[in-house]
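Colleague: Attaching a single structure in structure tokens format; questions to follow.
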Amino acid sequence: MTIAIRTATIADLDALAALNRAAYPDLVQDGVVFGVDHLRAHQQRFPRGQLVAERDGRLVGALATFILPRAIDGLAPHTWMGVTDAGSFERHDPVGDTLYLADIYVDKAAWGAGVGRALYAALFELCRELGLQNVIGGGRLYDFVDAPATLTPRDYVASVLRGERRDRVLISQLRAGFEVHGLLPGYLHDWRSRHCATLIVWWNPERVRPVVTRAQPWVGSHLGH
């Protein structure tokens, strides 16, 4: 079955809101799940950065992005609520140089069907088309909740990178091409991730990669390292 990626439209708003709510039922009460008003604002501010995935004509996934202002360092510590302006993308800046991945979500019935992979590929292609330096996001540690309580977030991520543990979200991001550049404590009020996220980055190979002295990449930022 073919997965088609396209730009979201106003006609998708209700379906996208329902899909986002279904993807994060445990986060609805914390105000980090997109409603119709959020999604409409995203399309008004940056329509090209809102992508959906369809399989056999049915919406099965989506992602939401905006461009960070140059004054905001995406590699510095931040929270989801702060950087996205509570999910509004109010500070989207067309002349910025970093594409920020605010959310990616897939219908649970379509997990394992390549929907996330197709969305990530489209995300990176968008970054290349816009000529931006990189894609940055905060990655949910989906399976951290099942790890021993004594395991630190850093040790948990390191064990996933070494192939000793499995985290369905982090592994999908690494396979897509993201690198782990560090951790974002308190990124999101998310019990599954113990309120911590990975700082993930994809560098546009068509741009000269800068020398980052303030936040060096994680030691072993790819699977198997």
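Residues in the structure tokens are named by chain (A, B, ... in the order shown) and by number from 1 within that chain; ligands are numbered from 1 in the order shown.
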I'd like the neighbourhood of segment 136-142 of chain A as a PyMOL selection string, where a residue qualifies if any of its atoms comes within 7 Å (using only C-alpha atoms), though same-chain residues fewer than 4 positions away should be ignored.

Modeller: chain A and resi 74+98-102+167-170+192-193+197-202

Colleague: DSSP says alpha helix (DSSP H) for which residues of segment 53-141 of chain A? Put them as a VMD selection string?

Modeller: chain A and resid 80 to 83 115 to 130

Colleague: For the residues in that selection, give me N, CA and C atoms as a CSV table (one decimal), in the first residue's frame.

Modeller:
```csv
chain,number,residue,atom,x,y,z
A,80,TRP,N,9.1,22.4,25.2
A,80,TRP,CA,8.2,22.4,24.1
A,80,TRP,C,7.3,23.6,24.2
A,81,MET,N,6.7,23.8,25.4
A,81,MET,CA,5.8,24.9,25.5
A,81,MET,C,6.4,26.3,25.2
A,82,GLY,N,7.7,26.4,25.6
A,82,GLY,CA,8.4,27.7,25.4
A,82,GLY,C,8.8,27.9,24.0
A,83,VAL,N,9.4,26.9,23.3
A,83,VAL,CA,9.9,27.1,22.0
A,83,VAL,C,8.7,27.2,20.9
A,115,VAL,N,5.0,4.8,7.8
A,115,VAL,CA,4.4,6.1,7.7
A,115,VAL,C,5.4,7.1,8.3
A,116,GLY,N,5.9,6.8,9.5
A,116,GLY,CA,6.9,7.7,10.1
A,116,GLY,C,8.1,7.9,9.2
A,117,ARG,N,8.6,6.9,8.6
A,117,ARG,CA,9.8,7.0,7.7
A,117,ARG,C,9.5,7.9,6.6
A,118,ALA,N,8.3,7.8,6.0
A,118,ALA,CA,7.9,8.6,4.8
A,118,ALA,C,7.8,10.1,5.3
A,119,LEU,N,7.3,10.3,6.4
A,119,LEU,CA,7.1,11.7,6.9
A,119,LEU,C,8.5,12.3,7.2
A,120,TYR,N,9.4,11.5,7.8
A,120,TYR,CA,10.8,12.0,8.1
A,120,TYR,C,11.5,12.4,6.8
A,121,ALA,N,11.3,11.5,5.8
A,121,ALA,CA,12.0,11.8,4.5
A,121,ALA,C,11.4,13.1,3.9
A,122,ALA,N,10.1,13.3,4.0
A,122,ALA,CA,9.5,14.5,3.5
A,122,ALA,C,10.0,15.7,4.3
A,123,LEU,N,10.2,15.5,5.6
A,123,LEU,CA,10.7,16.6,6.4
A,123,LEU,C,12.1,17.0,6.0
A,124,PHE,N,13.0,16.1,5.8
A,124,PHE,CA,14.3,16.4,5.4
A,124,PHE,C,14.4,17.0,4.0
A,125,GLU,N,13.5,16.6,3.1
A,125,GLU,CA,13.4,17.1,1.8
A,125,GLU,C,12.9,18.6,1.8
A,126,LEU,N,12.0,18.9,2.7
A,126,LEU,CA,11.5,20.2,2.9
A,126,LEU,C,12.7,21.1,3.4
A,127,CYS,N,13.5,20.6,4.3
A,127,CYS,CA,14.6,21.4,4.8
A,127,CYS,C,15.6,21.7,3.7
A,128,ARG,N,15.8,20.7,2.8
A,128,ARG,CA,16.7,20.9,1.7
A,128,ARG,C,16.2,21.9,0.7
A,129,GLU,N,14.9,21.8,0.4
A,129,GLU,CA,14.2,22.7,-0.5
A,129,GLU,C,14.3,24.2,0.0
A,130,LEU,N,14.1,24.3,1.2
A,130,LEU,CA,14.2,25.7,1.8
A,130,LEU,C,15.6,26.2,2.0
```

Colleague: Which residues, written as a list of chain:residue names, have at least one atom at most 12 Å from Thr9 of chain A, with only C-alpha atoms counted and residues fewer than 5 positions away on the same chain left out?

Modeller: A:Asp14, A:Ala15, A:Leu16, A:Val36, A:Leu39, A:Arg40, A:Ala41, A:His42, A:Gln43, A:Gln44, A:Phe46, A:Pro47, A:Arg48, A:Gly49, A:Gln50, A:Leu51, A:Val52, A:Leu59, A:Ala62

Colleague: Identify, on the basis of only C-alpha atoms, every residue whose closest approach to Asn204 of chain A does not exceed 7 Å; exclude the query and any residue fewer than 3 positions from it along the same chain; express the result as JSON, numbers by chain.

Modeller: {"A": [128, 133, 134, 207]}

Colleague: Limited to C-alpha atoms, could you put the picked residues into a file as a PDB file, in the first residue's frame?

Modeller:
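Printed below is result39.pdb as written:
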```pdb
ATOM      1  CA  ARG A 128      16.746  20.920   1.698  1.00  0.00           C
ATOM      2  CA  GLN A 133      20.804  24.565   8.024  1.00  0.00           C
ATOM      3  CA  ASN A 134      19.116  21.809  10.001  1.00  0.00           C
ATOM      4  CA  ARG A 207      24.975  23.161   3.705  1.00  0.00           C
TER       5      ARG A 207
END
```

Colleague: List every residue of segment 40-120 of chain A that DSSP, applied to the backbone of this structure, assigns to strand (DSSP E or B), and report them as a list in words.

Modeller: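 Here is the list: Gln50, Leu51, Val52, Ala53, Glu54, Arg55, Arg58, Leu59, Val60, Gly61, Ala62, Leu63, Ala64, Thr65, Phe66, Ile67, Leu68, Thr98, Leu99, Tyr100, Leu101, Ala102, Asp103, Ile104, Tyr105 and Val106 of chain A.
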
Colleague: Counting only C-alpha atoms, which of A:Arg154, A:Arg91, A:His181, A:Arg162 gets nearest to Ala76 of chain A?

Modeller: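 Checking each candidate against Ala76 of chain A, we get A:His181 as the closest.
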
Colleague: For each of A:His189, A:Arg55, A:Arg175, A:His38, take the minimum atom-to-atom distance to Ser88 of chain A, counting only C-alpha atoms, then give the residue where this is smallest.

Modeller: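 Going through A:His189, A:Arg55, A:Arg175, A:His38 one by one, the smallest distance to Ser88 of chain A is for A:His38.
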
Colleague: Looking at A:Phe66, A:Tyr24, A:Phe178, A:Phe34, which one is nearest to Asp93 of chain A, with distances taken over only C-alpha atoms?

Modeller: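 Ranking A:Phe66, A:Tyr24, A:Phe178, A:Phe34 by distance to Asp93 of chain A, first place goes to A:Phe66.
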
Colleague: Would you mind telling me which residue in A:Glu164, A:Glu206, A:Glu179, A:Asp143 lies nearest to Trp191 of chain A when using only C-alpha atoms?

Modeller: A:Asp143

Colleague: When distances are computed from only C-alpha atoms, which of A:Ile10, A:Gly177, A:Leu132, A:Lys108 shows the smallest separation from Pro25 of chain A?

Modeller: A:Lys108

Colleague: Let me make sure I understand: among A:Ala53, A:Leu161, A:Val60, A:Leu174, which one has the smallest atom-to-atom distance to Trp111 of chain A if we use only C-alpha atoms?

Modeller: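 Result for the nearest residue to Trp111 of chain A: A:Val60.
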
Colleague: Between atom CA of Gly186 of chain A and atom CA of Pro94 of chain A, what is the distance, to one decimal in Å?

Modeller: 27.9 Å
